[in-house]
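A.B. asks: Take a look at input.txt, compact mmCIF, C-alpha atoms and all ligand atoms:
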# COMPACT_ATOMS: atom_id res chain seq x y z
CA MET A 1457 83.26 67.92 -109.32
CA ARG A 1458 84.40 66.84 -112.77
CA GLY A 1459 82.90 68.84 -115.63
CA LYS A 1460 80.45 67.43 -118.14
CA LEU A 1461 81.31 66.70 -121.72
CA PHE A 1462 78.66 67.77 -124.23
CA VAL A 1463 78.94 66.50 -127.79
CA LEU A 1464 77.06 68.33 -130.53
CA SER A 1465 77.00 66.28 -133.70
CA GLY A 1466 74.97 65.87 -136.87
CA PRO A 1467 75.43 66.13 -140.63
CA SER A 1468 77.70 68.80 -142.10
CA GLY A 1469 75.74 71.89 -143.07
CA VAL A 1470 73.00 71.33 -140.51
CA GLY A 1471 74.09 74.43 -138.59
CA LYS A 1472 76.20 72.97 -135.77
CA GLY A 1473 78.68 75.83 -135.99
CA THR A 1474 75.98 78.51 -135.85
CA VAL A 1475 74.18 76.86 -132.95
CA ARG A 1476 77.43 76.35 -131.07
CA ALA A 1477 78.53 79.97 -131.61
CA ALA A 1478 75.17 81.30 -130.37
CA LEU A 1479 75.34 79.05 -127.33
CA LEU A 1480 78.87 80.15 -126.43
CA ASN A 1481 77.86 83.77 -126.79
CA ASP A 1482 75.34 83.36 -123.98
CA TYR A 1483 77.03 80.65 -121.92
CA THR A 1484 80.54 81.71 -121.10
CA ASP A 1485 80.91 78.95 -118.51
CA ILE A 1486 80.97 76.18 -121.13
CA LEU A 1487 84.25 75.78 -122.94
CA TYR A 1488 84.61 74.97 -126.60
CA SER A 1489 87.31 72.55 -127.64
CA VAL A 1490 88.96 73.80 -130.85
CA SER A 1491 89.64 70.94 -133.26
CA ALA A 1492 92.66 70.29 -135.42
CA THR A 1493 92.08 69.88 -139.15
CA THR A 1494 93.97 69.42 -142.38
CA ARG A 1495 91.21 71.25 -144.27
CA LYS A 1496 92.11 74.54 -145.93
CA LYS A 1497 91.11 77.63 -144.05
CA ARG A 1498 87.88 79.24 -145.34
CA GLU A 1499 87.65 82.98 -145.73
CA GLY A 1500 87.18 84.59 -142.34
CA GLU A 1501 88.30 81.58 -140.33
CA VAL A 1502 90.95 82.18 -137.69
CA ASP A 1503 93.67 79.69 -136.79
CA GLY A 1504 93.38 78.68 -133.14
CA LYS A 1505 89.82 79.96 -132.87
CA ASP A 1506 87.84 78.10 -135.52
CA TYR A 1507 90.36 75.29 -135.94
CA PHE A 1508 94.03 74.57 -135.51
CA PHE A 1509 94.90 74.34 -139.19
CA VAL A 1510 97.67 71.76 -139.52
CA SER A 1511 99.44 69.91 -142.32
CA LEU A 1512 98.73 66.24 -142.96
CA GLU A 1513 102.17 65.45 -141.61
CA ASN A 1514 101.47 67.31 -138.35
CA PHE A 1515 98.09 65.63 -138.03
CA LYS A 1516 99.67 62.20 -138.41
CA GLY A 1517 102.23 63.18 -135.79
CA MET A 1518 99.41 64.07 -133.39
CA LEU A 1519 97.81 60.70 -134.06
CA ASN A 1520 101.04 58.80 -133.48
CA ASN A 1521 101.62 60.63 -130.20
CA ASP A 1522 98.06 59.83 -129.06
CA GLU A 1523 97.33 63.55 -128.78
CA LEU A 1524 93.75 63.26 -130.13
CA ILE A 1525 90.84 61.76 -128.21
CA GLU A 1526 88.98 61.14 -131.44
CA TRP A 1527 89.55 61.79 -135.09
CA ALA A 1528 87.92 61.18 -138.43
CA GLU A 1529 88.58 61.49 -142.11
CA TYR A 1530 85.68 63.46 -143.47
CA CYS A 1531 85.25 64.19 -147.18
CA GLY A 1532 88.98 64.01 -147.84
CA ASN A 1533 90.18 65.98 -144.81
CA TYR A 1534 91.19 64.96 -141.31
CA TYR A 1535 89.63 66.37 -138.16
CA GLY A 1536 90.44 65.60 -134.52
CA THR A 1537 89.94 66.74 -130.94
CA PRO A 1538 93.11 67.55 -128.97
CA ARG A 1539 93.26 65.46 -125.78
CA THR A 1540 95.04 67.73 -123.30
CA TYR A 1541 92.59 70.64 -123.35
CA VAL A 1542 89.50 68.46 -122.91
CA GLU A 1543 90.92 66.31 -120.12
CA GLU A 1544 92.44 69.25 -118.25
CA LYS A 1545 89.28 71.35 -118.36
CA LEU A 1546 86.98 68.48 -117.35
CA ASN A 1547 89.29 67.67 -114.45
CA GLN A 1548 89.22 71.33 -113.41
CA GLY A 1549 85.41 71.08 -113.24
CA TYR A 1550 84.54 72.96 -116.44
CA ASP A 1551 81.88 71.77 -118.83
CA VAL A 1552 83.27 71.31 -122.32
CA ILE A 1553 81.48 71.14 -125.65
CA LEU A 1554 82.71 69.42 -128.80
CA GLU A 1555 81.23 70.09 -132.21
CA ILE A 1556 82.20 67.09 -134.28
CA GLU A 1557 80.92 64.75 -136.99
CA ILE A 1558 79.39 61.40 -136.28
CA GLN A 1559 82.32 58.96 -136.50
CA GLY A 1560 84.15 61.07 -133.94
CA ALA A 1561 81.11 61.21 -131.68
CA GLU A 1562 81.00 57.39 -131.70
CA GLN A 1563 84.61 57.24 -130.51
CA ILE A 1564 83.88 59.77 -127.76
CA LYS A 1565 80.90 57.71 -126.61
CA LYS A 1566 83.19 54.74 -126.01
CA LYS A 1567 85.78 56.81 -124.14
CA PHE A 1568 83.38 59.12 -122.29
CA PRO A 1569 80.20 57.11 -121.67
CA ASP A 1570 79.01 59.80 -119.25
CA GLY A 1571 79.08 62.43 -122.00
CA VAL A 1572 75.87 64.04 -123.19
CA PHE A 1573 75.27 63.36 -126.87
CA VAL A 1574 73.12 65.77 -128.85
CA PHE A 1575 72.20 65.18 -132.49
CA LEU A 1576 71.36 68.25 -134.53
CA ALA A 1577 69.10 67.16 -137.40
CA PRO A 1578 68.01 69.07 -140.50
CA PRO A 1579 64.26 69.38 -141.08
CA SER A 1580 64.89 67.36 -144.30
CA LEU A 1581 67.73 66.37 -146.65
CA ASN A 1582 66.42 68.84 -149.25
CA GLU A 1583 66.72 71.62 -146.74
CA LEU A 1584 70.26 70.49 -145.93
CA ARG A 1585 71.19 70.61 -149.63
CA SER A 1586 69.97 74.18 -149.98
CA ARG A 1587 71.78 75.26 -146.80
CA ILE A 1588 75.11 73.84 -148.03
CA GLN A 1589 74.54 75.44 -151.46
CA LYS A 1590 73.69 78.80 -149.90
CA ARG A 1591 76.80 78.69 -147.74
CA GLY A 1592 78.68 78.60 -151.06
CA THR A 1593 81.92 77.30 -149.58
CA GLU A 1594 81.94 73.94 -151.41
CA ASP A 1595 81.92 73.09 -155.11
CA ALA A 1596 79.22 70.84 -156.62
CA CYS A 1597 81.17 67.59 -156.27
CA ILE A 1598 81.84 68.19 -152.58
CA ILE A 1599 78.20 69.16 -151.96
CA CYS A 1600 77.12 65.86 -153.48
CA GLU A 1601 79.61 63.90 -151.36
CA ARG A 1602 78.54 65.73 -148.20
CA LEU A 1603 74.88 65.00 -148.90
CA LYS A 1604 75.55 61.29 -149.44
CA THR A 1605 77.41 61.25 -146.14
CA ALA A 1606 74.51 63.11 -144.50
CA GLU A 1607 72.03 60.39 -145.50
CA ILE A 1608 74.14 57.75 -143.78
CA GLU A 1609 74.66 60.04 -140.80
CA MET A 1610 70.92 60.47 -140.22
CA ASP A 1611 70.61 56.78 -139.25
CA GLU A 1612 72.99 57.40 -136.35
CA MET A 1613 70.51 59.69 -134.62
CA TYR A 1614 69.15 56.83 -132.52
CA ASN A 1615 72.46 56.38 -130.68
CA TYR A 1616 72.17 59.86 -129.15
CA ASP A 1617 70.67 61.09 -125.88
CA TYR A 1618 68.86 64.05 -127.46
CA VAL A 1619 67.82 65.19 -130.90
CA ILE A 1620 67.22 68.79 -131.90
CA VAL A 1621 65.62 69.49 -135.28
CA ASN A 1622 67.25 72.67 -136.49
CA ASP A 1623 64.31 74.36 -138.20
CA VAL A 1624 64.81 77.80 -136.65
CA ILE A 1625 68.26 78.58 -135.26
CA ASN A 1626 67.04 80.43 -132.15
CA ASN A 1627 64.75 77.55 -131.19
CA ALA A 1628 67.56 75.06 -131.65
CA VAL A 1629 69.84 77.15 -129.43
CA GLU A 1630 67.15 77.40 -126.74
CA LYS A 1631 66.71 73.63 -126.85
CA LEU A 1632 70.43 73.08 -126.46
CA LYS A 1633 70.48 75.44 -123.49
CA ALA A 1634 67.55 73.55 -121.96
CA ILE A 1635 69.47 70.27 -122.32
CA ILE A 1636 72.53 71.79 -120.66
CA ILE A 1637 70.47 73.22 -117.80
CA ALA A 1638 68.68 69.90 -117.25
CA GLU A 1639 71.93 67.93 -117.33
CA ARG A 1640 73.46 70.28 -114.78
CA CYS A 1641 70.46 69.77 -112.48
CA LYS A 1642 70.62 65.97 -112.50
CA ILE A 1643 70.60 64.36 -109.09
CA GLU A 1644 73.65 62.25 -110.06
CA ASN A 1645 75.69 65.45 -109.93
CA TYR A 1646 74.96 65.75 -106.21
CA LYS A 1647 75.64 62.16 -105.12
P1 LIG A 1701 83.86 71.74 -141.83
O1 LIG A 1701 84.87 71.34 -142.86
O2 LIG A 1701 82.52 72.07 -142.46
O3 LIG A 1701 84.34 72.78 -140.87
O4 LIG A 1701 83.60 70.44 -140.92
C1 LIG A 1701 83.26 69.22 -141.51
C2 LIG A 1701 82.73 68.32 -140.44
O5 LIG A 1701 83.76 67.97 -139.52
C3 LIG A 1701 81.61 68.95 -139.60
O6 LIG A 1701 80.59 67.99 -139.44
C4 LIG A 1701 82.31 69.27 -138.29
O7 LIG A 1701 81.42 69.28 -137.21
C5 LIG A 1701 83.27 68.11 -138.21
N1 LIG A 1701 84.38 68.32 -137.26
C6 LIG A 1701 84.93 69.48 -136.87
N2 LIG A 1701 85.90 69.25 -135.98
C7 LIG A 1701 85.93 67.91 -135.78
C8 LIG A 1701 86.72 67.06 -134.93
O8 LIG A 1701 87.58 67.47 -134.16
N3 LIG A 1701 86.46 65.73 -135.00
C9 LIG A 1701 85.52 65.21 -135.84
N4 LIG A 1701 85.34 63.89 -135.80
N5 LIG A 1701 84.77 65.99 -136.62
C10 LIG A 1701 84.97 67.32 -136.60
Translate this structure into structure tokens?

C.D. replies:
Amino acid sequence: MRGKLFVLSGPSGVGKGTVRAALLNDYTDILYSVSATTRKKREGEVDGKDYFFVSLENFKGMLNNDELIEWAEYCGNYYGTPRTYVEEKLNQGYDVILEIEIQGAEQIKKKFPDGVFVFLAPPSLNELRSRIQKRGTEDACIICERLKTAEIEMDEMYNYDYVIVNDVINNAVEKLKAIIIAERCKIENYK
């Protein structure tokens, strides 16, 4: 049986990375697709684990060779999901999870209509601002840009299958696990 594609999306700073990491800690049978990005590596990030950090030239090469199943320019950097890994693993029967922003999720929905789309929402935009500020990885101008983007992104929530309000991380993780369990139990999987 082909694996299921789970897409975790939502505004930057909402905690997608934290929720995803906690999920993968407990669920070793769901595979995370590492994205390619032209963004500079943050302190502590590891190439090949957090992202494949590539130059703009390399990213454009990947695009031209149709090596990405989706991509987006987000706040001045490019991000994309490598095709081979996702297709291979789904074909081998593994469930795969993507953690991507909203424009990318839209592209995936067109290409993988059977995917499961989960929107991680902040309790409020004010809360999102303080989370991005606390993270301390962006300067003021970028925070402002990311918040403007987040407002637009919130309207997209209604195109998703599920929404999880990330008020308490552990609860959000439990909800994501519940979604995965329910999706794996669907009768369609047994037809
Ligand atoms: P960050 O720079 O904070 O790591 O990521 C910025 C945004 O890009 C986040 O919303 C993150 O989820 C998203 N992102 C990460 N990888 C990808 C990807 O492969 N495709 C798309 N479309 N977005 C991504």

A.B. asks: Select, counting only C-alpha atoms, all protein, DNA and RNA residues no farther than 7 Å from (92.2, 72.0, -133.1) in file coordinates, and express the selection as JSON, numbers by chain.

C.D. replies: {"A": [1490, 1491, 1492, 1493, 1504, 1507, 1508, 1536, 1537, 1538]}

A.B. asks: Export, as an mmCIF file, in the frame of the given file, the selected residues with C-alpha atoms.

C.D. replies:
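Listed below is the output, part_35.cif:
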data_model
loop_
_atom_site.group_PDB
_atom_site.id
_atom_site.type_symbol
_atom_site.label_atom_id
_atom_site.label_comp_id
_atom_site.auth_asym_id
_atom_site.auth_seq_id
_atom_site.Cartn_x
_atom_site.Cartn_y
_atom_site.Cartn_z
ATOM 1 C CA VAL A 1490 88.960 73.800 -130.850
ATOM 2 C CA SER A 1491 89.640 70.940 -133.260
ATOM 3 C CA ALA A 1492 92.660 70.290 -135.420
ATOM 4 C CA THR A 1493 92.080 69.880 -139.150
ATOM 5 C CA GLY A 1504 93.380 78.680 -133.140
ATOM 6 C CA TYR A 1507 90.360 75.290 -135.940
ATOM 7 C CA PHE A 1508 94.030 74.570 -135.510
ATOM 8 C CA GLY A 1536 90.440 65.600 -134.520
ATOM 9 C CA THR A 1537 89.940 66.740 -130.940
ATOM 10 C CA PRO A 1538 93.110 67.550 -128.970
#

A.B. asks: Please return as a PyMOL selection string the residues found within 6 Å of ligand LIG 1701 (chain A), counting all atoms listed in the file.

C.D. replies: chain A and resi 1467-1468+1491-1492+1527-1528+1535-1537+1555-1557+1559-1560

A.B. asks: If we count all atoms listed in the file, what is near range 1459-1466 of chain A at a cut-off of 10 Å, once residues fewer than 5 positions away on the same chain are taken out, given as a compact mmCIF listing (two decimals) with C-alpha atoms, in the frame of the given file?

C.D. replies:
# COMPACT_ATOMS: atom_id res chain seq x y z
CA GLY A 1471 74.09 74.43 -138.59
CA LYS A 1472 76.20 72.97 -135.77
CA GLY A 1473 78.68 75.83 -135.99
CA VAL A 1475 74.18 76.86 -132.95
CA ARG A 1476 77.43 76.35 -131.07
CA ILE A 1486 80.97 76.18 -121.13
CA LEU A 1487 84.25 75.78 -122.94
CA TYR A 1488 84.61 74.97 -126.60
CA VAL A 1542 89.50 68.46 -122.91
CA GLU A 1543 90.92 66.31 -120.12
CA GLU A 1544 92.44 69.25 -118.25
CA LYS A 1545 89.28 71.35 -118.36
CA LEU A 1546 86.98 68.48 -117.35
CA ASN A 1547 89.29 67.67 -114.45
CA GLN A 1548 89.22 71.33 -113.41
CA GLY A 1549 85.41 71.08 -113.24
CA TYR A 1550 84.54 72.96 -116.44
CA ASP A 1551 81.88 71.77 -118.83
CA VAL A 1552 83.27 71.31 -122.32
CA ILE A 1553 81.48 71.14 -125.65
CA LEU A 1554 82.71 69.42 -128.80
CA GLU A 1555 81.23 70.09 -132.21
CA ILE A 1556 82.20 67.09 -134.28
CA GLU A 1557 80.92 64.75 -136.99
CA ILE A 1558 79.39 61.40 -136.28
CA GLN A 1559 82.32 58.96 -136.50
CA GLY A 1560 84.15 61.07 -133.94
CA ALA A 1561 81.11 61.21 -131.68
CA GLU A 1562 81.00 57.39 -131.70
CA ILE A 1564 83.88 59.77 -127.76
CA LYS A 1565 80.90 57.71 -126.61
CA PHE A 1568 83.38 59.12 -122.29
CA PRO A 1569 80.20 57.11 -121.67
CA ASP A 1570 79.01 59.80 -119.25
CA GLY A 1571 79.08 62.43 -122.00
CA VAL A 1572 75.87 64.04 -123.19
CA PHE A 1573 75.27 63.36 -126.87
CA VAL A 1574 73.12 65.77 -128.85
CA PHE A 1575 72.20 65.18 -132.49
CA LEU A 1576 71.36 68.25 -134.53
CA ALA A 1577 69.10 67.16 -137.40
CA PRO A 1578 68.01 69.07 -140.50
CA ALA A 1606 74.51 63.11 -144.50
CA GLU A 1609 74.66 60.04 -140.80
CA MET A 1610 70.92 60.47 -140.22
CA GLU A 1612 72.99 57.40 -136.35
CA MET A 1613 70.51 59.69 -134.62
CA TYR A 1616 72.17 59.86 -129.15
CA TYR A 1618 68.86 64.05 -127.46
CA VAL A 1619 67.82 65.19 -130.90
CA ILE A 1620 67.22 68.79 -131.90
CA LEU A 1632 70.43 73.08 -126.46
CA ILE A 1635 69.47 70.27 -122.32
CA ILE A 1636 72.53 71.79 -120.66
CA GLU A 1639 71.93 67.93 -117.33
CA ARG A 1640 73.46 70.28 -114.78
CA ASN A 1645 75.69 65.45 -109.93

A.B. asks: Report, in Å with one decimal, the straight-line distance from CA of Tyr1534 in chain A to CA of Thr1494 in chain A.

C.D. replies: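 So the answer is 5.4 Å.
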
A.B. asks: So how many Å separate CA of Arg1591 in chain A and CA of Ser1511 in chain A, to one decimal?

C.D. replies: 24.9 Å

A.B. asks: Quick one: pull the distance between CA of Ser1489 in chain A and CA of Arg1539 in chain A, Å, one decimal.

C.D. replies: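 Between CA of Ser1489 in chain A and CA of Arg1539 in chain A the gap works out to 9.4 Å.
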